[in-house]
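*Asks:* upload_9.csv is reproduced in full below (CSV, C-alpha atoms).
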```
chain,number,residue,atom,x,y,z
M,82,MET,CA,50.8,62.8,42.4
M,83,ASP,CA,51.0,61.0,39.0
M,84,THR,CA,54.4,62.4,38.0
M,85,LYS,CA,54.3,60.8,34.5
M,86,ALA,CA,51.0,62.5,33.7
M,87,SER,CA,52.3,65.7,35.3
M,88,VAL,CA,55.5,65.8,33.2
M,89,GLY,CA,53.5,65.0,30.1
M,90,ARG,CA,50.9,67.7,30.8
M,91,LYS,CA,53.7,70.3,31.4
M,92,ILE,CA,55.4,69.4,28.1
M,93,ARG,CA,52.1,69.6,26.2
M,94,SER,CA,51.3,72.9,27.9
M,95,LEU,CA,54.7,74.4,27.1
M,96,ARG,CA,54.5,73.2,23.5
M,97,GLU,CA,51.1,74.6,23.0
M,98,SER,CA,51.9,77.9,24.7
M,99,LYS,CA,54.8,78.3,22.3
M,100,ASN,CA,52.6,77.4,19.3
M,101,ILE,CA,54.8,74.4,18.4
M,102,GLU,CA,53.1,71.6,16.6
M,103,ILE,CA,54.1,68.1,17.8
M,104,ASP,CA,55.8,67.2,14.4
M,105,ILE,CA,58.0,70.3,14.8
M,106,LEU,CA,58.9,69.4,18.3
M,107,ALA,CA,59.7,65.9,17.2
M,108,GLU,CA,62.1,67.2,14.5
M,109,ARG,CA,63.8,69.7,16.9
M,110,SER,CA,64.2,67.1,19.7
M,111,GLN,CA,65.1,64.2,17.3
M,112,LEU,CA,62.3,62.1,18.8
M,113,THR,CA,59.4,60.5,17.0
M,114,ILE,CA,55.9,61.8,17.1
M,115,ASP,CA,54.9,58.5,18.7
M,116,GLN,CA,57.5,59.0,21.5
M,117,LEU,CA,56.3,62.5,22.2
M,118,ASN,CA,52.6,61.4,22.2
M,119,SER,CA,53.5,58.6,24.6
M,120,ILE,CA,55.2,61.1,27.0
M,121,GLU,CA,52.4,63.7,26.7
M,122,GLU,CA,49.8,61.0,27.4
M,123,GLY,CA,51.5,60.0,30.7
M,124,GLU,CA,52.9,56.6,29.7
M,125,PRO,CA,56.1,55.4,31.4
M,126,LEU,CA,58.9,57.9,31.0
M,127,PRO,CA,61.8,56.3,29.1
M,128,GLY,CA,64.6,58.2,30.9
M,129,LEU,CA,66.2,61.6,31.2
M,130,ALA,CA,67.7,61.8,27.7
M,131,PRO,CA,64.4,62.4,25.8
M,132,LEU,CA,63.3,64.9,28.5
M,133,ILE,CA,66.6,66.8,28.1
M,134,LYS,CA,66.1,66.8,24.3
M,135,ILE,CA,62.6,68.1,24.7
M,136,ALA,CA,63.7,70.8,27.1
M,137,ARG,CA,66.4,72.0,24.7
M,138,ALA,CA,63.9,72.1,21.8
M,139,LEU,CA,61.5,74.1,23.9
M,140,GLY,CA,64.2,76.4,25.3
M,141,VAL,CA,63.6,75.5,28.9
M,142,ARG,CA,65.7,73.8,31.6
M,143,LEU,CA,65.0,70.1,32.4
M,144,GLY,CA,63.7,71.0,35.9
M,145,THR,CA,60.8,72.9,34.3
M,146,PHE,CA,59.2,69.5,33.8
M,147,LEU,CA,60.0,68.2,37.3
M,148,ASP,CA,59.1,71.0,39.6
M,149,ASP,CA,57.0,74.1,39.8
M,150,SER,CA,58.5,76.5,42.3
M,151,GLN,CA,61.5,78.8,41.9
M,152,SER,CA,63.7,80.0,44.7
M,153,ILE,CA,66.4,82.6,44.7
M,154,GLY,CA,69.5,81.5,46.7
M,155,PRO,CA,70.2,78.0,47.9
M,156,VAL,CA,67.7,75.2,48.0
M,157,VAL,CA,67.9,72.9,51.0
M,158,CYS,CA,66.4,69.4,50.6
M,159,LYS,CA,65.8,67.8,54.0
M,160,LYS,CA,65.7,64.0,54.0
M,161,ALA,CA,62.1,63.6,55.0
M,162,LYS,CA,60.8,66.5,52.9
M,163,CYS,CA,62.3,66.3,49.5
M,164,GLY,CA,60.1,66.6,46.4
M,165,ASP,CA,58.0,64.0,44.7
M,166,SER,CA,59.8,61.2,43.0
M,167,VAL,CA,59.7,60.5,39.3
M,168,ARG,CA,59.7,57.0,37.8
M,169,PHE,CA,61.5,56.1,34.6
M,170,SER,CA,61.7,52.9,32.6
M,171,ASN,CA,65.4,53.5,32.0
M,172,TYR,CA,65.1,52.5,28.3
M,173,SER,CA,64.2,48.9,29.1
M,174,LEU,CA,62.3,47.4,26.2
M,175,SER,CA,59.6,46.2,28.6
M,176,LYS,CA,59.0,49.8,29.7
M,177,SER,CA,58.9,48.7,33.4
M,178,SER,CA,59.5,51.7,35.6
M,179,ASN,CA,62.5,50.4,37.4
M,180,MET,CA,64.2,53.6,38.3
M,181,ILE,CA,62.9,56.0,40.9
M,182,TYR,CA,64.5,59.5,40.8
M,183,HIS,CA,64.3,61.7,43.9
M,184,PRO,CA,65.1,65.2,42.9
M,185,LEU,CA,67.4,67.2,45.2
M,186,SER,CA,67.4,70.6,43.5
M,187,GLU,CA,63.7,71.3,43.1
M,188,GLY,CA,63.0,75.0,43.1
M,189,LYS,CA,66.5,76.3,42.5
M,190,GLU,CA,66.2,79.1,40.0
M,191,ASN,CA,68.3,79.2,36.8
M,192,ARG,CA,70.1,76.0,37.6
M,193,HIS,CA,72.2,74.2,35.0
M,194,MET,CA,72.6,70.9,36.9
M,195,GLU,CA,70.0,68.4,38.1
M,196,SER,CA,70.8,66.3,41.1
M,197,PHE,CA,69.0,63.1,42.1
M,198,ILE,CA,69.2,60.2,44.4
M,199,ILE,CA,68.1,57.3,42.2
M,200,ASP,CA,66.8,54.0,43.4
M,201,ILE,CA,67.5,51.3,40.8
M,202,LEU,CA,65.0,48.5,41.4
M,203,PRO,CA,65.7,44.8,40.6
M,204,ASP,CA,64.8,44.1,37.0
M,205,THR,CA,64.7,40.9,35.1
M,206,ASP,CA,64.6,42.7,31.7
M,207,GLN,CA,68.1,42.4,30.3
M,208,SER,CA,67.3,44.3,27.1
M,209,TYR,CA,67.7,48.1,27.0
M,210,ILE,CA,68.4,50.9,24.6
M,211,PHE,CA,71.4,53.2,25.0
M,212,SER,CA,70.7,56.9,25.4
M,213,SER,CA,72.7,60.0,24.6
M,214,HIS,CA,72.3,63.8,25.1
M,215,GLU,CA,74.4,66.8,25.4
M,216,GLY,CA,76.1,67.5,28.7
M,217,GLU,CA,77.8,65.5,31.4
M,218,GLU,CA,76.8,63.1,34.2
M,219,PHE,CA,78.4,62.3,37.5
M,220,ILE,CA,77.3,59.2,39.4
M,221,TYR,CA,78.3,58.1,42.9
M,222,VAL,CA,77.3,54.7,44.2
M,223,LEU,CA,75.6,54.9,47.6
M,224,GLU,CA,74.5,51.3,47.9
M,225,GLY,CA,74.8,48.1,45.9
M,226,LYS,CA,76.6,47.6,42.6
M,227,ILE,CA,75.9,49.2,39.2
M,228,GLU,CA,77.0,48.6,35.6
M,229,VAL,CA,77.6,51.5,33.3
M,230,ASN,CA,77.8,50.8,29.6
M,231,TYR,CA,79.6,53.7,28.0
M,232,GLY,CA,80.3,53.5,24.3
M,233,LYS,CA,81.9,50.1,23.9
M,234,LYS,CA,83.2,49.9,27.5
M,235,VAL,CA,81.5,48.5,30.5
M,236,TYR,CA,82.3,49.7,34.0
M,237,VAL,CA,81.2,47.9,37.2
M,238,LEU,CA,81.0,50.2,40.2
M,239,THR,CA,80.4,49.4,43.9
M,240,GLU,CA,79.6,51.4,47.0
M,241,GLY,CA,81.9,54.5,47.2
M,242,ASP,CA,82.9,54.4,43.5
M,243,SER,CA,82.0,57.2,41.1
M,244,ILE,CA,82.1,57.9,37.3
M,245,HIS,CA,82.0,61.3,35.5
M,246,TYR,CA,81.4,61.1,31.7
M,247,ASP,CA,80.3,63.1,28.7
M,248,SER,CA,76.7,62.0,28.1
M,249,ILE,CA,76.8,62.6,24.3
M,250,VAL,CA,78.4,59.2,24.1
M,251,ASN,CA,75.8,56.3,24.1
M,252,HIS,CA,75.4,55.1,27.6
M,253,HIS,CA,73.2,53.1,30.0
M,254,VAL,CA,73.2,52.7,33.7
M,255,HIS,CA,71.5,49.7,35.5
M,256,GLY,CA,71.9,47.5,38.6
M,257,PHE,CA,74.8,45.0,38.2
M,258,ASN,CA,73.2,41.6,37.4
M,259,HIS,CA,69.9,43.5,37.4
M,260,GLN,CA,70.0,43.8,41.2
M,261,LYS,CA,68.9,46.9,43.2
M,262,ALA,CA,71.2,49.8,43.9
M,263,ARG,CA,71.1,53.4,45.0
M,264,ILE,CA,73.1,56.2,43.4
M,265,LEU,CA,73.6,59.9,43.6
M,266,ALA,CA,73.5,61.4,40.1
M,267,VAL,CA,74.2,64.9,38.9
M,268,VAL,CA,73.3,65.8,35.3
M,269,TYR,CA,74.5,68.9,33.5
M,270,ALA,CA,72.5,69.6,30.3
M,271,PRO,CA,73.1,72.9,28.5
M,272,ILE,CA,70.0,74.8,27.4
```
Once you've parsed the file, please lay out its structure as structure tokens.
*Replies:*
Amino acid sequence: MDTKASVGRKIRSLRESKNIEIDILAERSQLTIDQLNSIEEGEPLPGLAPLIKIARALGVRLGTFLDDSQSIGPVVCKKAKCGDSVRFSNYSLSKSSNMIYHPLSEGKENRHMESFIIDILPDTDQSYIFSSHEGEEFIYVLEGKIEVNYGKKVYVLTEGDSIHYDSIVNHHVHGFNHQKARILAVVYAPI
């Protein structure tokens, strides 16, 4: 499944079903028309922040773009049978898709949190753009070492470390020294 194209198609379909022109969605989401066109056309997804902004502007939860099914009650994600992964460029200027998100909450109806196992791939691109969005994020390092730029501070976390922060503050998460790592991330984004 081409998740980038699928996410873009879902956004375009929702936007059109709500009779929202792309320029209006750009204004509401505080993104540019070019950014929205890029996402709708299936180009590399920059990260969660723009998707969260688009979801808020459309009045839907973030998971609407990432899964299709809804389930009342708990959702169990077995190791070998979790949903399709989603690749993001993590705001690197080269737009290389160096982060693989494995959703853990697919199908949970009316959820307010999104949980992921994220594989951070080695990346030589040392330039990136900070992101911000309403809500909170919790990250727990499963393997490797990560660097979290948060406002003007930098935190280096290793296996077993965690961080919980307000995501309205400019932030960026990547592998320390651009090496691979694996994290558990939980994102809360109010609708």
*Asks:* In Å, with one decimal, what is the gap from atom CA of Ala262 of chain M to atom CA of His214 of chain M?
*Replies:* 23.5 Å
*Asks:* Work out how far apart atom CA of Glu97 of chain M and atom CA of His183 of chain M are and give it in Å to one decimal.
*Replies:*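 For atom CA of Glu97 of chain M relative to atom CA of His183 of chain M, the distance reads 27.9 Å.
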*Asks:* Give me the residues near Asp104 of chain M as a list in words, where near means some atom within 9 Å (using all atoms listed in the file) and where sequence neighbours in that chain fewer than 4 positions away do not count.
*Replies:*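 The residues satisfying every condition are Glu108, Arg109, Thr113 and Ile114 of chain M.
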*Asks:* Hey, can you pull every residue with an atom no more than 12 Å from (57.4, 58.9, 19.4), using all atoms listed in the file, and send it as a PDB file with C-alpha atoms, keeping the file's coordinate frame?
*Replies:*
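Final output, saved to selection.pdb:
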```pdb
ATOM      1  CA  ILE M 103      54.100  68.100  17.800  1.00  0.00           C
ATOM      2  CA  ASP M 104      55.800  67.200  14.400  1.00  0.00           C
ATOM      3  CA  LEU M 106      58.900  69.400  18.300  1.00  0.00           C
ATOM      4  CA  ALA M 107      59.700  65.900  17.200  1.00  0.00           C
ATOM      5  CA  GLU M 108      62.100  67.200  14.500  1.00  0.00           C
ATOM      6  CA  SER M 110      64.200  67.100  19.700  1.00  0.00           C
ATOM      7  CA  GLN M 111      65.100  64.200  17.300  1.00  0.00           C
ATOM      8  CA  LEU M 112      62.300  62.100  18.800  1.00  0.00           C
ATOM      9  CA  THR M 113      59.400  60.500  17.000  1.00  0.00           C
ATOM     10  CA  ILE M 114      55.900  61.800  17.100  1.00  0.00           C
ATOM     11  CA  ASP M 115      54.900  58.500  18.700  1.00  0.00           C
ATOM     12  CA  GLN M 116      57.500  59.000  21.500  1.00  0.00           C
ATOM     13  CA  LEU M 117      56.300  62.500  22.200  1.00  0.00           C
ATOM     14  CA  ASN M 118      52.600  61.400  22.200  1.00  0.00           C
ATOM     15  CA  SER M 119      53.500  58.600  24.600  1.00  0.00           C
ATOM     16  CA  ILE M 120      55.200  61.100  27.000  1.00  0.00           C
ATOM     17  CA  GLU M 121      52.400  63.700  26.700  1.00  0.00           C
ATOM     18  CA  GLU M 122      49.800  61.000  27.400  1.00  0.00           C
ATOM     19  CA  GLU M 124      52.900  56.600  29.700  1.00  0.00           C
ATOM     20  CA  LEU M 126      58.900  57.900  31.000  1.00  0.00           C
ATOM     21  CA  PRO M 127      61.800  56.300  29.100  1.00  0.00           C
ATOM     22  CA  PRO M 131      64.400  62.400  25.800  1.00  0.00           C
ATOM     23  CA  ILE M 135      62.600  68.100  24.700  1.00  0.00           C
TER      24      ILE M 135
END
```
*Asks:* Find the residues with any atom within 7 Å of (64.1, 53.6, 41.4); use only C-alpha atoms and the coordinates as given in the file, and write the answer as a PyMOL selection string.
*Replies:* chain M and resi 168+179-182+199-202
*Asks:* Could those selected residues go to a file with C-alpha atoms, as a compact mmCIF listing (two decimals), keeping the file's coordinate frame?
*Replies:*
```txt
# COMPACT_ATOMS: atom_id res chain seq x y z
CA ARG M 168 59.70 57.00 37.80
CA ASN M 179 62.50 50.40 37.40
CA MET M 180 64.20 53.60 38.30
CA ILE M 181 62.90 56.00 40.90
CA TYR M 182 64.50 59.50 40.80
CA ILE M 199 68.10 57.30 42.20
CA ASP M 200 66.80 54.00 43.40
CA ILE M 201 67.50 51.30 40.80
CA LEU M 202 65.00 48.50 41.40
```
*Asks:* In Å, with one decimal, what is the gap from atom CA of Val267 of chain M to atom CA of Tyr246 of chain M?
*Replies:*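 Interatomic distance, atom CA of Val267 of chain M to atom CA of Tyr246 of chain M: 10.9 Å.
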*Asks:* Hey, what's within 12 Å of Gly144 of chain M if we count all atoms listed in the file and toss same-chain stuff fewer than 5 positions away? As number ranges by chain, please?
*Replies:* M: 88, 91-92, 129, 132-133, 135-137, 149-151, 164, 167, 184-197, 268-270, 272
